[in-house]
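data-v9.cif, holding mmCIF, C-alpha atoms:
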data_upload
#
loop_
_atom_site.group_PDB
_atom_site.id
_atom_site.type_symbol
_atom_site.label_atom_id
_atom_site.label_comp_id
_atom_site.auth_asym_id
_atom_site.auth_seq_id
_atom_site.Cartn_x
_atom_site.Cartn_y
_atom_site.Cartn_z
ATOM 1 C CA MET A 1 0.000 0.000 0.000
ATOM 2 C CA ALA A 2 2.783 2.408 0.974
ATOM 3 C CA GLU A 3 4.612 1.691 -2.252
ATOM 4 C CA THR A 4 1.583 2.680 -4.299
ATOM 5 C CA GLU A 5 1.215 5.878 -2.335
ATOM 6 C CA GLN A 6 4.878 6.725 -2.730
ATOM 7 C CA GLN A 7 4.712 6.302 -6.469
ATOM 8 C CA ALA A 8 1.564 8.397 -6.676
ATOM 9 C CA ALA A 9 2.952 11.292 -4.668
ATOM 10 C CA SER A 10 5.085 13.929 -6.255
ATOM 11 C CA SER A 11 4.471 17.268 -4.599
ATOM 12 C CA PRO A 12 2.166 18.906 -2.063
ATOM 13 C CA GLU A 13 0.666 20.950 -4.874
ATOM 14 C CA ASP A 14 -0.199 17.955 -7.057
ATOM 15 C CA GLU A 15 -2.365 16.315 -4.415
ATOM 16 C CA ALA A 16 -3.552 19.487 -2.728
ATOM 17 C CA PRO A 17 -4.422 21.993 -5.437
ATOM 18 C CA GLU A 18 -4.340 25.655 -4.543
ATOM 19 C CA VAL A 19 -7.626 27.183 -3.467
ATOM 20 C CA SER A 20 -8.919 30.295 -5.142
ATOM 21 C CA ALA A 21 -8.982 33.694 -3.476
ATOM 22 C CA GLN A 22 -12.783 33.410 -3.465
ATOM 23 C CA THR A 23 -12.804 30.281 -1.276
ATOM 24 C CA SER A 24 -15.105 30.543 1.737
ATOM 25 C CA PHE A 25 -12.799 29.844 4.637
ATOM 26 C CA MET A 26 -14.208 28.634 7.944
ATOM 27 C CA ILE A 27 -13.072 28.054 11.516
ATOM 28 C CA PRO A 28 -12.226 24.331 11.757
ATOM 29 C CA LYS A 29 -14.175 22.252 14.240
ATOM 30 C CA LYS A 30 -14.166 18.719 15.630
ATOM 31 C CA GLU A 31 -16.232 16.154 13.714
ATOM 32 C CA ILE A 32 -15.075 12.835 15.206
ATOM 33 C CA SER A 33 -16.888 12.446 18.510
ATOM 34 C CA MET A 34 -17.411 8.666 18.689
ATOM 35 C CA VAL A 35 -15.424 5.621 17.571
ATOM 36 C CA PRO A 36 -17.876 4.839 14.724
ATOM 37 C CA ASP A 37 -17.078 8.316 13.267
ATOM 38 C CA MET A 38 -13.575 7.080 12.398
ATOM 39 C CA GLY A 39 -14.890 5.702 9.102
ATOM 40 C CA LYS A 40 -15.919 9.241 8.167
ATOM 41 C CA TRP A 41 -12.357 10.433 8.819
ATOM 42 C CA LYS A 42 -10.725 7.663 6.770
ATOM 43 C CA ARG A 43 -13.028 8.401 3.813
ATOM 44 C CA SER A 44 -12.596 12.177 4.090
ATOM 45 C CA GLN A 45 -10.857 14.595 1.747
ATOM 46 C CA ALA A 46 -8.834 15.727 4.789
ATOM 47 C CA TYR A 47 -7.360 12.241 5.316
ATOM 48 C CA ALA A 48 -6.502 11.909 1.614
ATOM 49 C CA ASP A 49 -4.905 15.367 1.455
ATOM 50 C CA TYR A 50 -3.010 14.915 4.725
ATOM 51 C CA MET A 51 -1.533 11.545 3.729
ATOM 52 C CA SER A 52 -0.659 12.848 0.245
ATOM 53 C CA PHE A 53 1.214 15.719 1.877
ATOM 54 C CA ILE A 54 3.166 13.397 4.225
ATOM 55 C CA VAL A 55 4.038 11.004 1.391
ATOM 56 C CA ALA A 56 5.016 13.831 -0.996
ATOM 57 C CA LEU A 57 7.513 15.125 1.570
ATOM 58 C CA ASN A 58 8.703 11.548 2.083
ATOM 59 C CA GLU A 59 9.456 11.348 -1.647
ATOM 60 C CA GLY A 60 11.063 14.811 -1.662
ATOM 61 C CA VAL A 61 13.733 13.916 0.923
ATOM 62 C CA LYS A 62 14.475 10.427 -0.455
ATOM 63 C CA GLY A 63 18.230 9.896 -0.670
ATOM 64 C CA LYS A 64 18.981 13.520 0.378
ATOM 65 C CA LYS A 65 21.246 14.599 3.241
ATOM 66 C CA MET A 66 20.248 17.412 5.590
ATOM 67 C CA THR A 67 23.478 19.147 4.612
ATOM 68 C CA CYS A 68 22.634 19.147 0.878
ATOM 69 C CA GLU A 69 21.886 22.433 -0.889
ATOM 70 C CA TYR A 70 18.240 23.432 -1.193
ATOM 71 C CA GLU A 71 16.213 26.570 -1.688
ATOM 72 C CA VAL A 72 14.869 28.450 1.332
ATOM 73 C CA SER A 73 11.997 30.604 0.132
ATOM 74 C CA GLU A 74 10.712 33.805 1.696
ATOM 75 C CA THR A 75 7.710 31.876 3.078
ATOM 76 C CA VAL A 76 9.971 29.317 4.771
ATOM 77 C CA ASP A 77 12.003 32.180 6.280
ATOM 78 C CA ARG A 78 8.782 33.695 7.631
ATOM 79 C CA LEU A 79 7.753 30.316 9.066
ATOM 80 C CA LEU A 80 11.098 30.017 10.833
ATOM 81 C CA GLU A 81 10.579 33.536 12.212
ATOM 82 C CA LEU A 82 7.146 32.446 13.488
ATOM 83 C CA LEU A 83 8.666 29.444 15.301
ATOM 84 C CA GLY A 84 11.445 31.695 16.577
ATOM 85 C CA THR A 85 8.808 33.973 18.084
ATOM 86 C CA LEU A 86 7.135 31.030 19.877
ATOM 87 C CA ASP A 87 10.577 29.961 21.103
ATOM 88 C CA ARG A 88 11.300 33.458 22.404
ATOM 89 C CA TRP A 89 7.974 33.547 24.250
ATOM 90 C CA ILE A 90 8.904 30.261 25.988
ATOM 91 C CA ASN A 91 12.115 31.884 27.229
ATOM 92 C CA GLU A 92 10.183 34.992 28.308
ATOM 93 C CA THR A 93 7.750 32.838 30.315
ATOM 94 C CA PRO A 94 9.968 31.027 32.824
ATOM 95 C CA PRO A 95 8.309 27.934 34.285
ATOM 96 C CA VAL A 96 6.779 28.079 37.712
ATOM 97 C CA ASP A 97 8.504 25.702 40.127
ATOM 98 C CA GLN A 98 6.329 22.684 39.387
ATOM 99 C CA PRO A 99 7.170 19.219 37.999
ATOM 100 C CA SER A 100 5.954 20.087 34.486
ATOM 101 C CA ARG A 101 5.768 23.275 32.425
ATOM 102 C CA PHE A 102 2.678 22.002 30.594
ATOM 103 C CA GLY A 103 -0.259 22.487 32.894
ATOM 104 C CA ASN A 104 1.337 25.029 35.156
ATOM 105 C CA LYS A 105 0.719 28.741 35.214
ATOM 106 C CA ALA A 106 3.645 29.585 32.927
ATOM 107 C CA TYR A 107 2.371 27.359 30.109
ATOM 108 C CA ARG A 108 -1.115 28.881 30.387
ATOM 109 C CA THR A 109 0.393 32.368 30.165
ATOM 110 C CA TRP A 110 2.400 31.366 27.084
ATOM 111 C CA PHE A 111 -0.601 29.737 25.425
ATOM 112 C CA ALA A 112 -2.829 32.763 26.141
ATOM 113 C CA LYS A 113 -0.301 34.891 24.249
ATOM 114 C CA LEU A 114 -0.382 32.490 21.285
ATOM 115 C CA GLU A 115 -4.180 32.425 21.360
ATOM 116 C CA GLN A 116 -4.181 36.204 21.087
ATOM 117 C CA GLU A 117 -1.466 36.498 18.418
ATOM 118 C CA ALA A 118 -1.918 33.354 16.277
ATOM 119 C CA GLU A 119 -3.895 34.973 13.440
ATOM 120 C CA THR A 120 -1.397 37.834 13.181
ATOM 121 C CA LEU A 121 1.526 35.385 13.127
ATOM 122 C CA VAL A 122 -0.125 33.301 10.378
ATOM 123 C CA SER A 123 -1.076 36.388 8.345
ATOM 124 C CA ALA A 124 2.613 37.313 8.172
ATOM 125 C CA VAL A 125 3.334 33.975 6.420
ATOM 126 C CA LEU A 126 0.469 34.168 3.893
ATOM 127 C CA PRO A 127 0.447 35.973 0.540
ATOM 128 C CA ALA A 128 -1.604 39.191 0.781
ATOM 129 C CA ASP A 129 -4.428 37.818 -1.395
ATOM 130 C CA ARG A 130 -4.835 34.794 0.919
ATOM 131 C CA SER A 131 -5.039 36.695 4.202
ATOM 132 C CA ALA A 132 -8.678 35.626 4.616
ATOM 133 C CA ALA A 133 -7.389 32.092 5.311
ATOM 134 C CA ALA A 134 -5.480 33.188 8.451
ATOM 135 C CA PRO A 135 -8.258 32.481 11.023
ATOM 136 C CA GLU A 136 -8.771 28.956 9.620
ATOM 137 C CA ILE A 137 -5.072 28.062 9.375
ATOM 138 C CA ALA A 138 -4.238 29.616 12.778
ATOM 139 C CA VAL A 139 -6.412 26.964 14.472
ATOM 140 C CA TYR A 140 -3.965 24.238 13.397
ATOM 141 C CA LEU A 141 -1.012 26.245 14.709
ATOM 142 C CA LYS A 142 -2.714 26.563 18.104
ATOM 143 C CA GLU A 143 -3.669 22.869 18.138
ATOM 144 C CA SER A 144 -0.073 21.889 17.427
ATOM 145 C CA VAL A 145 1.194 23.081 20.806
ATOM 146 C CA GLY A 146 -1.446 21.559 23.062
ATOM 147 C CA ASN A 147 -4.019 23.573 24.949
ATOM 148 C CA PRO A 148 -4.540 24.785 28.517
ATOM 149 C CA THR A 149 -6.853 21.905 29.442
ATOM 150 C CA ARG A 150 -5.281 18.954 27.596
ATOM 151 C CA ILE A 151 -1.803 19.402 29.005
ATOM 152 C CA ASP A 152 0.256 16.890 27.104
ATOM 153 C CA TYR A 153 2.244 16.646 23.893
ATOM 154 C CA GLY A 154 1.983 13.766 21.458
ATOM 155 C CA THR A 155 1.568 12.604 17.889
ATOM 156 C CA GLY A 156 -1.813 14.364 17.660
ATOM 157 C CA HIS A 157 -0.083 17.714 18.144
ATOM 158 C CA GLU A 158 2.572 16.775 15.604
ATOM 159 C CA ALA A 159 -0.259 15.910 13.169
ATOM 160 C CA ALA A 160 -1.832 19.333 13.788
ATOM 161 C CA PHE A 161 1.463 21.022 12.866
ATOM 162 C CA ALA A 162 1.746 18.923 9.710
ATOM 163 C CA ALA A 163 -1.884 19.892 8.944
ATOM 164 C CA PHE A 164 -0.893 23.551 9.453
ATOM 165 C CA LEU A 165 1.872 23.145 6.832
ATOM 166 C CA CYS A 166 -0.478 21.220 4.516
ATOM 167 C CA CYS A 167 -2.953 24.141 4.645
ATOM 168 C CA LEU A 168 -0.139 26.574 3.783
ATOM 169 C CA CYS A 169 0.511 24.427 0.689
ATOM 170 C CA LYS A 170 -3.167 24.368 -0.232
ATOM 171 C CA VAL A 171 -3.401 28.164 -0.252
ATOM 172 C CA GLY A 172 -0.181 28.448 -2.278
ATOM 173 C CA ALA A 173 2.026 29.960 0.445
ATOM 174 C CA LEU A 174 4.318 26.910 0.384
ATOM 175 C CA ARG A 175 5.230 25.321 -2.956
ATOM 176 C CA ALA A 176 6.694 22.071 -4.267
ATOM 177 C CA GLU A 177 10.212 23.515 -4.258
ATOM 178 C CA ASP A 178 9.904 24.093 -0.483
ATOM 179 C CA GLN A 179 9.794 20.348 0.290
ATOM 180 C CA LEU A 180 13.354 19.953 1.563
ATOM 181 C CA ALA A 181 13.221 23.162 3.580
ATOM 182 C CA ILE A 182 9.889 22.106 5.159
ATOM 183 C CA VAL A 183 11.420 18.870 6.463
ATOM 184 C CA PHE A 184 15.031 19.880 7.109
ATOM 185 C CA LYS A 185 14.425 23.371 8.504
ATOM 186 C CA VAL A 186 10.829 23.906 9.663
ATOM 187 C CA MET A 187 10.071 20.491 11.183
ATOM 188 C CA ARG A 188 13.510 20.266 12.806
ATOM 189 C CA LYS A 189 13.107 23.707 14.347
ATOM 190 C CA LEU A 190 9.758 22.592 15.771
ATOM 191 C CA GLN A 191 11.328 19.442 17.234
ATOM 192 C CA LYS A 192 14.202 21.341 18.821
ATOM 193 C CA THR A 193 11.741 23.739 20.444
ATOM 194 C CA TYR A 194 9.884 20.826 22.028
ATOM 195 C CA ARG A 195 13.126 19.250 23.178
ATOM 196 C CA MET A 196 13.386 21.954 25.791
ATOM 197 C CA GLU A 197 10.022 21.122 27.317
ATOM 198 C CA PRO A 198 10.216 19.071 30.505
ATOM 199 C CA ALA A 199 6.860 17.474 29.716
ATOM 200 C CA GLY A 200 8.157 15.589 26.717
ATOM 201 C CA SER A 201 11.938 15.596 26.843
ATOM 202 C CA GLN A 202 12.322 12.063 28.188
ATOM 203 C CA GLY A 203 10.425 10.578 25.283
ATOM 204 C CA VAL A 204 10.144 13.196 22.600
ATOM 205 C CA TRP A 205 11.638 10.823 20.027
ATOM 206 C CA GLY A 206 9.678 7.809 21.270
ATOM 207 C CA LEU A 207 8.461 6.248 18.065
ATOM 208 C CA ASP A 208 4.873 5.838 19.189
ATOM 209 C CA ASP A 209 4.421 8.478 21.906
ATOM 210 C CA PHE A 210 5.435 11.950 20.802
ATOM 211 C CA GLN A 211 7.060 12.457 17.400
ATOM 212 C CA PHE A 212 6.678 10.057 14.514
ATOM 213 C CA LEU A 213 7.244 11.944 11.264
ATOM 214 C CA PRO A 214 11.039 12.456 11.690
ATOM 215 C CA PHE A 215 11.442 8.675 11.666
ATOM 216 C CA ILE A 216 9.412 8.291 8.460
ATOM 217 C CA TRP A 217 11.212 11.066 6.590
ATOM 218 C CA GLY A 218 14.547 10.148 8.184
ATOM 219 C CA SER A 219 14.297 6.568 6.911
ATOM 220 C CA SER A 220 13.501 7.897 3.417
ATOM 221 C CA GLN A 221 16.764 9.867 3.435
ATOM 222 C CA PHE A 222 18.658 6.560 3.715
ATOM 223 C CA ILE A 223 16.984 4.838 0.745
ATOM 224 C CA GLY A 224 19.707 3.892 -1.735
ATOM 225 C CA HIS A 225 22.572 4.626 0.697
ATOM 226 C CA PRO A 226 25.596 2.578 -0.399
ATOM 227 C CA THR A 227 26.841 1.534 3.057
ATOM 228 C CA LEU A 228 24.533 2.449 5.963
ATOM 229 C CA GLU A 229 21.871 -0.177 6.674
ATOM 230 C CA PRO A 230 19.131 -0.189 9.353
ATOM 231 C CA ARG A 231 21.304 -2.306 11.720
ATOM 232 C CA HIS A 232 23.932 0.464 11.790
ATOM 233 C CA PHE A 233 21.829 2.928 13.784
ATOM 234 C CA LEU A 234 22.532 0.837 16.913
ATOM 235 C CA ASP A 235 26.245 1.669 16.534
ATOM 236 C CA GLU A 236 26.975 4.857 18.505
ATOM 237 C CA LYS A 237 30.065 5.603 16.418
ATOM 238 C CA VAL A 238 27.963 5.589 13.212
ATOM 239 C CA VAL A 239 25.359 7.818 14.907
ATOM 240 C CA ASN A 240 27.928 10.336 16.144
ATOM 241 C CA GLU A 241 29.663 10.558 12.771
ATOM 242 C CA ASN A 242 26.508 10.910 10.639
ATOM 243 C CA HIS A 243 23.756 12.558 12.714
ATOM 244 C CA GLN A 244 24.250 15.954 11.062
ATOM 245 C CA ASP A 245 23.363 14.467 7.683
ATOM 246 C CA PHE A 246 20.498 12.171 8.666
ATOM 247 C CA MET A 247 17.403 13.038 10.678
ATOM 248 C CA PHE A 248 16.863 9.418 11.769
ATOM 249 C CA LEU A 249 20.302 9.343 13.408
ATOM 250 C CA GLU A 250 19.664 12.734 15.013
ATOM 251 C CA CYS A 251 16.609 11.157 16.659
ATOM 252 C CA ILE A 252 18.657 8.149 17.804
ATOM 253 C CA LYS A 253 21.435 10.381 19.169
ATOM 254 C CA PHE A 254 18.897 12.238 21.271
ATOM 255 C CA ILE A 255 17.490 8.948 22.633
ATOM 256 C CA ASN A 256 21.017 7.763 23.475
ATOM 257 C CA GLU A 257 21.638 10.987 25.410
ATOM 258 C CA MET A 258 18.327 10.955 27.275
ATOM 259 C CA LYS A 259 17.831 7.306 28.170
ATOM 260 C CA THR A 260 19.946 4.826 30.095
ATOM 261 C CA GLY A 261 20.077 1.048 30.023
ATOM 262 C CA PRO A 262 19.958 -1.378 27.089
ATOM 263 C CA PHE A 263 18.530 0.137 23.883
ATOM 264 C CA ALA A 264 16.347 -2.960 23.349
ATOM 265 C CA GLU A 265 14.571 -2.227 26.641
ATOM 266 C CA HIS A 266 14.043 1.555 26.539
ATOM 267 C CA SER A 267 13.282 1.753 22.781
ATOM 268 C CA ASN A 268 11.985 -1.658 21.836
ATOM 269 C CA GLN A 269 10.072 -0.540 18.713
ATOM 270 C CA LEU A 270 13.226 0.986 17.253
ATOM 271 C CA TRP A 271 15.313 -2.023 18.259
ATOM 272 C CA ASN A 272 12.945 -4.195 16.198
ATOM 273 C CA ILE A 273 13.329 -1.869 13.195
ATOM 274 C CA SER A 274 17.115 -2.381 13.241
ATOM 275 C CA ALA A 275 16.541 -5.971 12.092
ATOM 276 C CA VAL A 276 14.686 -4.947 8.912
ATOM 277 C CA PRO A 277 16.931 -5.648 5.880
ATOM 278 C CA SER A 278 16.490 -2.412 3.877
ATOM 279 C CA TRP A 279 15.616 1.239 4.417
ATOM 280 C CA SER A 280 12.848 1.129 1.795
ATOM 281 C CA LYS A 281 11.157 -1.639 3.822
ATOM 282 C CA VAL A 282 11.644 0.384 7.030
ATOM 283 C CA ASN A 283 10.114 3.427 5.309
ATOM 284 C CA GLN A 284 7.082 1.534 3.987
ATOM 285 C CA GLY A 285 6.584 -0.133 7.376
ATOM 286 C CA LEU A 286 6.749 3.183 9.230
ATOM 287 C CA ILE A 287 4.123 4.739 6.947
ATOM 288 C CA ARG A 288 1.806 1.784 7.629
ATOM 289 C CA MET A 289 2.574 2.034 11.343
ATOM 290 C CA TYR A 290 1.898 5.780 11.383
ATOM 291 C CA LYS A 291 -1.551 5.191 9.923
ATOM 292 C CA ALA A 292 -2.346 2.353 12.329
ATOM 293 C CA GLU A 293 -0.868 3.814 15.510
ATOM 294 C CA CYS A 294 -1.658 7.487 15.020
ATOM 295 C CA LEU A 295 -4.113 8.340 12.239
ATOM 296 C CA GLU A 296 -6.449 5.423 12.911
ATOM 297 C CA LYS A 297 -6.549 5.829 16.688
ATOM 298 C CA PHE A 298 -9.681 7.503 18.047
ATOM 299 C CA PRO A 299 -7.925 9.113 21.086
ATOM 300 C CA VAL A 300 -5.694 11.014 18.610
ATOM 301 C CA ILE A 301 -8.204 11.865 15.871
ATOM 302 C CA GLN A 302 -11.075 12.923 18.169
ATOM 303 C CA HIS A 303 -9.134 16.183 18.647
ATOM 304 C CA PHE A 304 -8.528 16.821 14.912
ATOM 305 C CA LYS A 305 -10.425 19.780 13.431
ATOM 306 C CA PHE A 306 -11.928 20.103 9.963
ATOM 307 C CA GLY A 307 -12.603 23.210 7.883
ATOM 308 C CA SER A 308 -12.667 24.193 4.211
ATOM 309 C CA LEU A 309 -8.996 23.337 3.563
ATOM 310 C CA LEU A 310 -9.020 19.976 5.344
ATOM 311 C CA SER A 311 -12.585 18.876 4.809
ATOM 312 C CA ILE A 312 -14.577 16.098 6.495
ATOM 313 C CA GLN A 313 -16.479 15.646 3.210
ATOM 314 C CA PRO A 314 -15.815 12.276 1.546
ATOM 315 C CA VAL A 315 -13.289 12.088 -1.271
ATOM 316 C CA LYS A 316 -15.043 12.654 -4.579
ATOM 317 C CA PRO A 317 -15.096 9.439 -6.651
#

Whole structure, structure tokens version:
Amino acid sequence: MAETEQQAASSPEDEAPEVSAQTSFMIPKKEISMVPDMGKWKRSQAYADYMSFIVALNEGVKGKKMTCEYEVSETVDRLLELLGTLDRWINETPPVDQPSRFGNKAYRTWFAKLEQEAETLVSAVLPADRSAAAPEIAVYLKESVGNPTRIDYGTGHEAAFAAFLCCLCKVGALRAEDQLAIVFKVMRKLQKTYRMEPAGSQGVWGLDDFQFLPFIWGSSQFIGHPTLEPRHFLDEKVVNENHQDFMFLECIKFINEMKTGPFAEHSNQLWNISAVPSWSKVNQGLIRMYKAECLEKFPVIQHFKFGSLLSIQPVKP
């Protein structure tokens, strides 16, 4: 199944055509309130567009190192500025002396600021003739950092950020040539911001708990590599020598720094992956796993919001 999808995907724009300036934008809302609603999600235009976006980026980074040359557009620069602003606000809102920043007063203060400024931040990234989309797209930005009542961070928040980027593609702010910069610059900046959060730092690279997409895209980077095989990521020397080129190894390096004890015990899912014979098989397996463990899980998708850009309407035959 993954193979078919990979062949079909070529760019965010191909699968998610730009909307016209006349599109009626709307504030996204939840549509999946019960387990039986999951069928609606899997048949929706939103699911098709979201997966096409993920797979298109997967194709874009195939065989590419993070240190390769790629274009950084004005929009990507503005996105990095936006994340830099969120980062700065974290530093300006020192945590109250509690076990976790999420859920304490400091996080609520920080989130209240984002709530107030999100539309303005998003407007600065959009082309002038698409500014009407800002209220709709800003919802996904806010959802991607948690909220004051659901005080956790997980793959659902990561999915909201990917949905935020997907919407920017659909309105034409991000383009096909931005693929490498989206993965190597924007997503990595997001991950490094979350690294600093006490709430998730112990497991932020846990394959099935917090971040998933870096492992998918990181495995794609290795496809066709002449010497490095999946078994090599268990070798710390290989990780230390190559982590600046490969996102997957950057993830593993962080796990090695944060966790103690045998790798097979603290990161069993990843340990199992090291036995897979090729990176293309790892990549296909991770895409299937992402669908099963994240996108097809009600506790994750019940929080997903649908609007005009990511629509709950079924895919047109």

Interatomic distance, CA of Leu168 in chain A to CA of Ser280 in chain A (Å, one decimal)
28.6 Å

Within 6 Å of (13.5, 26.7, 1.6) (file coordinates; only C-alpha atoms), which protein or nucleic acid residues are there? I'd like them as a PDB file with C-alpha atoms, keeping the file's coordinate frame.
ATOM      1  CA  GLU A  71      16.213  26.570  -1.688  1.00  0.00           C
ATOM      2  CA  VAL A  72      14.869  28.450   1.332  1.00  0.00           C
ATOM      3  CA  SER A  73      11.997  30.604   0.132  1.00  0.00           C
ATOM      4  CA  VAL A  76       9.971  29.317   4.771  1.00  0.00           C
ATOM      5  CA  ASP A 178       9.904  24.093  -0.483  1.00  0.00           C
ATOM      6  CA  ALA A 181      13.221  23.162   3.580  1.00  0.00           C
TER       7      ALA A 181
END

Would you give the centre and edge lengths, in Å to one decimal, of a box along x, y and z around the listed atoms of range 270-275 of chain A, with 3 Å added to each side, as lines of an AutoDock Vina configuration file?
center_x = 15.0
center_y = -2.5
center_z = 15.2
size_x = 10.2
size_y = 13.0
size_z = 12.2

Using only C-alpha atoms, determine which residues lie at most 8 Å from Met66 in chain A, disregarding the query and same-chain residues fewer than 6 positions distant; provide the list as a PDB file with C-alpha atoms, keeping the file's coordinate frame.
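As written to disk, out.pdb reads:
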ATOM      1  CA  PHE A 184      15.031  19.880   7.109  1.00  0.00           C
ATOM      2  CA  GLN A 244      24.250  15.954  11.062  1.00  0.00           C
ATOM      3  CA  ASP A 245      23.363  14.467   7.683  1.00  0.00           C
ATOM      4  CA  PHE A 246      20.498  12.171   8.666  1.00  0.00           C
ATOM      5  CA  MET A 247      17.403  13.038  10.678  1.00  0.00           C
TER       6      MET A 247
END

Using all atoms listed in the file, which residue out of A:Ile216, A:Thr23, A:Leu295, A:Gln116 lies closest to Val55 in chain A?
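The answer is A:Ile216, which sits nearest to Val55 in chain A.
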
For the structure shown, which residues end up in the PyMOL selection byres ((chain A and resi 133-146) around 8)? Put them as a count of residues only, please?
34

Interatomic distance, CA of Pro127 in chain A to CA of Leu310 in chain A (Å, one decimal)
19.2 Å

Run the PyMOL selection byres ((chain A and resi 77) around 12) against the file shown and list the residues it catches, as a list in words.
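In the shown coordinates, the PyMOL selection byres ((chain A and resi 77) around 12) covers Glu71, Val72, Ser73, Glu74, Thr75, Val76, Arg78, Leu79, Leu80, Glu81, Leu82, Leu83, Gly84, Ala124, Val125, Leu126, Ala173, Leu174, Asp178, Ala181, Ile182, Lys185, Val186 and Lys189 of chain A.
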
Apply the PyMOL selection byres ((chain A and resi 34) around 12) to the structure shown and report the selected residues as a PyMOL selection string.
chain A and resi 30-33+35-41+297-303

Which is closer to Gly63 in chain A than all the others in A:Ala292, A:Val239, A:Val282, A:Ile223, using only C-alpha atoms?
A:Ile223

How many Å separate CA of Phe53 in chain A from CA of Glu177 in chain A?
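Atom-to-atom, CA of Phe53 in chain A to CA of Glu177 in chain A, that is 13.4 Å.
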